[in-house]
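The structure appears right after this line, and notes come after that.
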Amino acid sequence: MENHQANLLKMPHAQRRMTVASRIKQARLDSGLSQRNVAARLEISQSSYSRMESGDLEPSAVQIATLSGLFTMSVLWLLGYPNFIALKIPSSAESRLQSRP
């Protein structure tokens, strides 16, 4: 199991690009939004957004952040990281967050 998790973190670029594309598409479908709706939020054309979902166009960091907020999904999950990393906040970070005023 541990070796499988390490392999997920060392995913080749082309494979990660396709993973990002499929996660963006999955998140959009789960949210019930159309490509046109999402493209408008990203301030790009629907055809450019379609290319993003097919893996032909890589989203920028700002676009990933916008999609994360729009879909209420973790940036790390959208970037293809496994759930065990994307959804977990280390306890030390969590305690620092809770102690802030």
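Order determines the names: the first chain of the structure tokens is A, the second B, and so forth; residues in each chain are numbered 1 upward, and ligands are numbered 1 upward as they are shown.
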**OP:** Name the residues in contact with range 38-51 of chain A at a cut-off of 12 Å, using only C-alpha atoms, excluding same-chain residues fewer than 4 positions from it; report them as number ranges by chain.
**Re:** A: 17-18, 21-22, 24-25, 27-29, 31-34, 55-71
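Taking CA of Trp77 in chain A and CA of Arg23 in chain A as endpoints, the distance between them is 7.8 Å.
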Original post:
What are the DSSP alpha helix (DSSP H) residues of range 7-51 of chain A, as JSON, numbers by chain?
Top reply: {"A": [7, 8, 9, 13, 14, 15, 16, 17, 18, 19, 20, 21, 22, 23, 24, 25, 26, 27, 28, 29, 30, 31, 35, 36, 37, 38, 39, 40, 41, 42, 46, 47, 48, 49, 50, 51]}
